>>> print(open('query.txt').read())   # compact mmCIF, C-alpha atoms
# COMPACT_ATOMS: atom_id res chain seq x y z
CA MET Z 1 0.00 0.00 0.00
CA ILE Z 2 1.35 3.36 -1.00
CA GLY Z 3 1.53 5.95 1.73
CA TRP Z 4 -0.27 9.27 1.47
CA SER Z 5 2.96 11.21 1.32
CA ILE Z 6 4.13 9.23 -1.74
CA LYS Z 7 0.73 9.69 -3.41
CA ILE Z 8 0.92 13.44 -2.84
CA LEU Z 9 4.50 13.52 -4.15
CA LEU Z 10 3.53 11.54 -7.27
CA GLY Z 11 0.55 13.83 -7.78
CA LEU Z 12 2.79 16.89 -7.58
CA VAL Z 13 5.31 15.40 -10.02
CA ALA Z 14 2.52 14.46 -12.47
CA ALA Z 15 0.98 17.93 -12.18
CA GLY Z 16 4.38 19.49 -12.80
CA LEU Z 17 5.00 17.33 -15.87
CA LEU Z 18 1.56 17.94 -17.33
CA ASN Z 19 1.55 21.69 -16.70
CA GLY Z 20 4.71 22.44 -18.61
CA CYS Z 21 6.84 25.52 -18.28
CA ALA Z 22 5.92 28.63 -20.22
CA VAL Z 23 9.00 29.98 -21.98
CA LEU Z 24 8.79 33.47 -23.38
CA HIS Z 25 10.81 34.06 -26.56
CA HIS Z 26 9.57 37.29 -28.07
CA VAL Z 27 7.10 40.09 -27.35
CA GLN Z 28 5.97 42.82 -29.70
CA ILE Z 29 3.41 45.52 -28.98
CA GLY Z 30 1.87 47.37 -31.88
CA ASP Z 31 0.40 50.88 -32.10
CA ILE Z 32 -2.49 51.51 -29.73
CA ASP Z 33 -5.50 53.56 -30.74
CA ASN Z 34 -7.04 54.47 -27.43
CA ARG Z 35 -9.57 56.97 -28.80
CA ARG Z 36 -13.21 56.33 -28.10
CA SER Z 37 -14.68 54.07 -30.72
CA PRO Z 38 -18.37 53.25 -30.96
CA LYS Z 39 -17.90 49.53 -31.22
CA SER Z 40 -14.84 47.39 -30.73
CA SER Z 41 -14.06 43.91 -29.54
CA TYR Z 42 -10.97 42.02 -28.47
CA PHE Z 43 -9.80 38.92 -30.27
CA ASP Z 44 -6.99 36.44 -29.97
CA VAL Z 45 -5.42 34.09 -32.46
CA LYS Z 46 -3.16 31.22 -31.56
CA VAL Z 47 -1.21 28.80 -33.73
CA SER Z 48 1.05 26.08 -32.45
CA GLU Z 49 3.16 23.16 -33.49
CA THR Z 50 4.83 20.33 -31.61
CA GLY Z 51 8.55 20.73 -31.14
CA VAL Z 52 10.99 17.99 -30.23
CA SER Z 53 14.15 18.40 -28.23
CA LEU Z 54 16.52 15.88 -29.77
CA ASP Z 55 19.01 16.49 -26.99
CA GLU Z 56 16.52 15.43 -24.35
CA ALA Z 57 15.33 12.53 -26.54
CA ALA Z 58 18.92 11.30 -26.77
CA ASP Z 59 19.29 11.52 -23.00
CA VAL Z 60 16.12 9.47 -22.52
CA ALA Z 61 17.28 6.94 -25.12
CA LYS Z 62 20.61 6.61 -23.33
CA ALA Z 63 18.88 5.97 -20.05
CA PHE Z 64 16.39 3.37 -21.29
CA SER Z 65 17.82 1.64 -24.37
CA GLN Z 66 20.33 -1.15 -24.70
CA ALA Z 67 22.20 0.69 -27.46
CA ARG Z 68 25.73 1.82 -26.77
CA SER Z 69 25.91 5.40 -25.57
CA ASP Z 70 28.60 6.09 -28.21
CA ASP Z 71 26.11 5.26 -30.98
CA ILE Z 72 23.50 7.57 -29.50
CA GLU Z 73 26.09 10.33 -29.18
CA GLN Z 74 27.00 9.90 -32.86
CA VAL Z 75 23.34 10.20 -33.87
CA ARG Z 76 22.98 13.29 -31.69
CA THR Z 77 26.06 14.91 -33.29
CA ALA Z 78 24.88 14.06 -36.82
CA LEU Z 79 21.44 15.57 -36.16
CA SER Z 80 22.86 18.69 -34.54
CA LEU Z 81 24.87 19.38 -37.70
CA PHE Z 82 21.59 19.89 -39.55
CA GLN Z 83 20.15 22.20 -36.93
CA GLN Z 84 22.59 25.04 -36.70
CA GLY Z 85 21.86 28.73 -36.54
CA PRO Z 86 19.75 30.98 -34.36
CA ARG Z 87 16.28 29.82 -33.42
CA THR Z 88 13.65 30.14 -30.74
CA GLY Z 89 12.44 26.97 -29.07
CA ASN Z 90 12.68 23.41 -30.32
CA PRO Z 91 12.69 22.39 -33.98
CA VAL Z 92 9.26 21.63 -35.46
CA TYR Z 93 8.32 19.38 -38.34
CA ASN Z 94 6.01 21.86 -40.08
CA GLU Z 95 7.85 25.16 -40.34
CA THR Z 96 4.93 26.96 -42.04
CA TYR Z 97 2.58 26.70 -39.07
CA ALA Z 98 2.71 30.45 -38.37
CA ARG Z 99 1.95 31.56 -41.92
CA LYS Z 100 -1.80 31.50 -41.49
CA VAL Z 101 -1.77 34.09 -38.69
CA GLY Z 102 -2.59 36.94 -41.08
CA GLU Z 103 -5.58 35.08 -42.51
CA LEU Z 104 -6.86 34.27 -39.04
CA ILE Z 105 -6.65 37.93 -37.98
CA ALA Z 106 -8.52 38.97 -41.14
CA LYS Z 107 -11.21 36.45 -40.31
CA GLU Z 108 -11.49 37.71 -36.74
CA CYS Z 109 -11.62 41.34 -37.82
CA PRO Z 110 -13.43 41.69 -41.17
CA SER Z 111 -13.45 45.51 -40.90
CA GLY Z 112 -9.65 45.50 -41.12
CA ARG Z 113 -9.36 48.18 -38.40
CA VAL Z 114 -7.05 46.39 -36.02
CA THR Z 115 -5.29 48.08 -33.12
CA GLU Z 116 -3.46 47.06 -29.92
CA LEU Z 117 -1.84 44.10 -31.63
CA ARG Z 118 0.34 42.13 -29.29
CA SER Z 119 2.41 39.26 -30.66
CA ILE Z 120 3.87 36.74 -28.28
CA ARG Z 121 6.15 33.89 -29.28
CA GLU Z 122 6.26 31.39 -26.46
CA ALA Z 123 6.64 27.69 -25.79
CA ARG Z 124 5.05 25.21 -23.45
CA LYS Z 125 7.87 22.96 -22.44
CA TYR Z 126 7.41 19.35 -21.39
CA PRO Z 127 10.02 16.62 -21.14
CA VAL Z 128 11.39 15.95 -24.67
CA ILE Z 129 8.50 17.67 -26.49
CA SER Z 130 7.21 21.23 -26.46
CA GLY Z 131 4.34 23.24 -27.82
CA GLU Z 132 5.78 26.04 -29.96
CA ILE Z 133 3.18 28.80 -29.87
CA VAL Z 134 2.54 32.09 -31.64
CA LYS Z 135 -0.18 34.08 -29.92
CA ILE Z 136 -1.65 37.31 -31.26
CA THR Z 137 -4.14 39.44 -29.39
CA GLY Z 138 -5.69 42.64 -30.58
CA ARG Z 139 -8.75 44.87 -30.74
CA CYS Z 140 -10.99 45.08 -33.73
CA VAL Z 141 -12.84 48.33 -34.35
CA SER Z 142 -16.05 47.75 -36.23
CA GLY Z 143 -17.25 49.94 -39.09
CA GLU Z 144 -15.84 51.42 -42.27
CA ASN Z 145 -12.39 52.97 -42.63
CA MET K 1 37.65 35.24 30.54
CA PHE K 2 39.51 38.40 29.62
CA PRO K 3 37.97 40.65 27.01
CA VAL K 4 40.27 40.10 24.00
CA LYS K 5 39.90 41.80 20.64
CA ILE K 6 39.80 39.41 17.69
CA SER K 7 42.22 41.59 15.77
CA HIS K 8 44.81 41.00 18.49
CA VAL K 9 44.41 37.25 18.13
CA VAL K 10 44.27 36.79 14.36
CA GLY K 11 45.86 39.98 13.16
CA GLY K 12 44.52 42.93 11.10
CA GLY K 13 45.61 41.42 7.78
CA PHE K 14 43.30 38.48 8.21
CA LEU K 15 40.32 40.76 8.89
CA LYS K 16 41.07 42.80 5.80
CA ARG K 17 41.23 39.66 3.68
CA LEU K 18 37.98 38.40 5.23
CA ALA K 19 36.29 41.74 4.52
CA ALA K 20 37.51 41.63 0.92
CA LEU K 21 36.23 38.07 0.52
CA LEU K 22 32.84 38.98 2.01
CA THR K 23 32.60 41.99 -0.28
CA LEU K 24 33.34 39.76 -3.26
CA ILE K 25 30.72 37.21 -2.24
CA VAL K 26 28.05 39.84 -1.54
CA SER K 27 28.75 41.65 -4.80
CA THR K 28 28.51 38.35 -6.70
CA ILE K 29 25.13 37.71 -5.12
CA LEU K 30 23.76 41.20 -5.69
CA VAL K 31 25.16 42.00 -9.12
CA SER K 32 22.94 40.88 -11.98
CA CYS K 33 23.52 40.23 -15.66
CA VAL K 34 21.01 41.50 -18.19
CA SER K 35 20.44 39.83 -21.51
CA LEU K 36 18.25 41.29 -24.21
CA GLN K 37 15.83 38.74 -25.61
CA SER K 38 14.00 40.78 -28.23
CA VAL K 39 13.36 44.33 -29.41
CA SER K 40 10.68 45.71 -31.69
CA LEU K 41 9.69 49.16 -32.88
CA THR K 42 6.58 50.45 -34.62
CA GLN K 43 6.26 53.48 -36.93
CA VAL K 44 7.62 56.61 -35.21
CA PRO K 45 5.29 59.65 -35.49
CA ALA K 46 6.35 63.18 -36.40
CA ALA K 47 4.89 64.63 -33.21
CA ARG K 48 6.98 63.32 -30.36
CA GLU K 49 6.09 65.62 -27.47
CA LYS K 50 4.57 63.27 -24.95
CA VAL K 51 6.50 60.12 -24.13
CA VAL K 52 4.71 57.34 -22.28
CA SER K 53 6.25 54.18 -20.95
CA ALA K 54 5.21 51.09 -19.06
CA GLU K 55 6.96 48.07 -17.64
CA ALA K 56 5.99 44.68 -16.27
CA SER K 57 8.17 41.98 -14.82
CA LYS K 58 8.04 38.55 -13.31
CA PHE K 59 10.44 36.98 -10.86
CA LEU K 60 11.36 33.38 -11.63
CA PHE K 61 13.12 30.68 -9.64
CA LEU K 62 15.33 28.46 -11.83
CA GLY K 63 13.68 30.09 -14.86
CA ILE K 64 10.41 28.25 -14.27
CA ALA K 65 7.20 30.05 -15.23
CA PHE K 66 3.76 28.64 -15.80
CA ASP K 67 2.38 31.57 -17.79
CA ASN K 68 3.45 34.81 -19.40
CA ASP K 69 0.37 36.82 -18.51
CA PHE K 70 2.42 39.60 -16.93
CA VAL K 71 2.95 40.98 -20.46
CA ASP K 72 -0.72 42.03 -20.54
CA ASP K 73 -0.03 44.69 -17.90
CA VAL K 74 2.22 46.65 -20.26
CA THR K 75 -0.54 47.43 -22.77
CA ARG K 76 -2.99 48.26 -19.99
CA ASP K 77 -0.55 50.68 -18.33
CA LEU K 78 0.30 52.35 -21.63
CA LYS K 79 -3.40 52.91 -22.37
CA ALA K 80 -3.95 54.37 -18.91
CA LYS K 81 -1.17 56.89 -19.54
CA CYS K 82 -2.63 58.08 -22.82
CA PRO K 83 -6.41 58.39 -22.41
CA ASP K 84 -8.33 59.22 -25.57
CA GLY K 85 -5.15 59.24 -27.58
CA LYS K 86 -3.09 57.18 -29.95
CA ILE K 87 0.25 55.63 -29.01
CA SER K 88 2.76 55.23 -31.81
CA GLY K 89 6.46 54.54 -32.14
CA ILE K 90 6.34 51.86 -29.47
CA LEU K 91 9.72 50.41 -28.60
CA THR K 92 9.24 47.07 -26.86
CA LYS K 93 12.12 45.46 -25.03
CA ASP K 94 12.13 42.02 -23.53
CA GLU K 95 14.99 41.44 -21.10
CA ALA K 96 16.10 38.73 -18.72
CA VAL K 97 17.89 39.86 -15.56
CA ASN K 98 19.83 37.01 -13.97
CA TYR K 99 20.75 37.08 -10.31
CA PHE K 100 23.13 34.88 -8.36
CA LEU K 101 24.44 32.14 -10.65
CA PHE K 102 21.28 32.19 -12.78
CA ILE K 103 19.20 30.68 -9.96
CA PHE K 104 16.89 33.68 -9.88
CA THR K 105 15.72 35.46 -12.99
CA ARG K 106 13.50 38.44 -13.59
CA ARG K 107 11.80 38.70 -16.97
CA ARG K 108 11.13 42.32 -17.76
CA VAL K 109 9.07 43.65 -20.66
CA SER K 110 9.13 47.40 -21.13
CA ALA K 111 7.48 49.61 -23.75
CA THR K 112 8.02 53.27 -24.58
CA GLY K 113 6.00 55.21 -27.09
CA TYR K 114 4.66 58.61 -28.08
CA CYS K 115 1.16 59.67 -27.05
CA LEU K 116 -0.72 61.65 -29.68
CA GLN K 117 -3.78 63.47 -28.41
CA GLY K 118 -6.16 66.08 -29.69
CA GLU K 119 -7.59 66.91 -33.09
CA GLY K 120 -6.07 65.54 -36.25
CA VAL K 121 -4.58 62.43 -34.68
>>> encode(input="query.txt", output="structure tokens")
Amino acid sequence: MIGWSIKILLGLVAAGLLNGCAVLHHVQIGDIDNRRSPKSSYFDVKVSETGVSLDEAADVAKAFSQARSDDIEQVRTALSLFQQGPRTGNPVYNETYARKVGELIAKECPSGRVTELRSIREARKYPVISGEIVKITGRCVSGEN
Amino acid sequence: MFPVKISHVVGGGFLKRLAALLTLIVSTILVSCVSLQSVSLTQVPAAREKVVSAEASKFLFLGIAFDNDFVDDVTRDLKAKCPDGKISGILTKDEAVNYFLFIFTRRRVSATGYCLQGEGV
């Protein structure tokens, strides 16, 4: 029988793993039109893609597999050669996931009068995988230009 | 027991070295490194009389955060400082201030812009 303290500890660990850390990569605040407008509403648009940390995956593989750690290290080195250069977050399979942001904003704000745009590039980090997120919030002013 | 000064026992040189060591340790703990994560700027207006700025930050232990909602405060504060106006030329800076061997971190987002009020804005 598992003691209460171990159950609580396991619960805390599970909650920690499932919650994931929020990592902030980039913030941008656009022009703000704070004048009185007859009708306006806030909107938010979010796109995301699953990222994989190959470094962490290799560590897990080393811990659990029967393969020689030298082989895993060689695979890690070979993969890292293809993933050089500056980046935010983990690599994703579909690199075009953020392209539809403009369309989504246009759909949310048909009038086209958008103000208070705030773009946030962040990641939800879990062991090995991560959610690579682009979040846009803004205010749509209704009516003609 | 006779009242004996420590300096008589261990010597003044030792105390000086101890003070220097303590100063070094305290300064290492208190001094922080700042790294700039991102910067962005919007169109700068011709009229640049009234400057408004806002800042929000979050203190993190071991860099762990469960949300980034503190960023919302920046826009709200900027709007409060420019009622019935338009804010342009917003320079947004996202910085990470690391304290004591990167155990403690403060994420700071600051924004500075120009408030345009009145007719013809």
>>> atom_distance(input="query.txt", atom1="CA of Leu22 in chain K", atom2="CA of Thr105 in chain K")
23.0 Å
>>> atom_distance(input="query.txt", atom1="CA of Ala58 in chain Z", atom2="CA of Val75 in chain Z")
8.4 Å
>>> interface_residues(input="query.txt", of="chain Z", to="chain K", cutoff="9 Å", atoms="all atoms listed in the file", output="PyMOL selection string")
chain Z and resi 19-36+116+118+120+122+124
>>> residues_around(input="query.txt", residues="Val47 in chain Z", least_positions_apart="5", cutoff="8 Å", atoms="all atoms listed in the file", output="ChimeraX atom specification")
/Z:97-98,101,133-135
>>> atom_distance(input="query.txt", atom1="CA of Lys125 in chain Z", atom2="CA of Leu62 in chain K")
14.1 Å
>>> closest_residue(input="query.txt", among="Z:Glu49, Z:Glu132, Z:Asp71, Z:Asp59", to="Asn94 in chain Z", atoms="only C-alpha atoms")
Z:Glu49
>>> residues_around(input="query.txt", residues="Val97 in chain K", least_positions_apart="3", cutoff="12 Å", atoms="all atoms listed in the file", output="NGL selection string")
:K and (30-37 or 57-61 or 63 or 94 or 100-109)
>>> residues_around(input="query.txt", residues="Glu56 in chain Z", least_positions_apart="5", cutoff="9 Å", atoms="only C-alpha atoms", output="compact mmCIF listing (two decimals) with C-alpha atoms, keeping the file's coordinate frame")
# COMPACT_ATOMS: atom_id res chain seq x y z
CA ALA Z 61 17.28 6.94 -25.12
CA PRO Z 127 10.02 16.62 -21.14
CA VAL Z 128 11.39 15.95 -24.67
CA ILE Z 129 8.50 17.67 -26.49
>>> residues_around(input="query.txt", residues="range 82-93 of chain Z", least_positions_apart="2", cutoff="7 Å", atoms="all atoms listed in the file", output="list in words")
His25, Glu49, Thr50, Gly51, Val52, Ser53, Leu79, Ser80, Glu95, Ala123 and Glu132 of chain Z
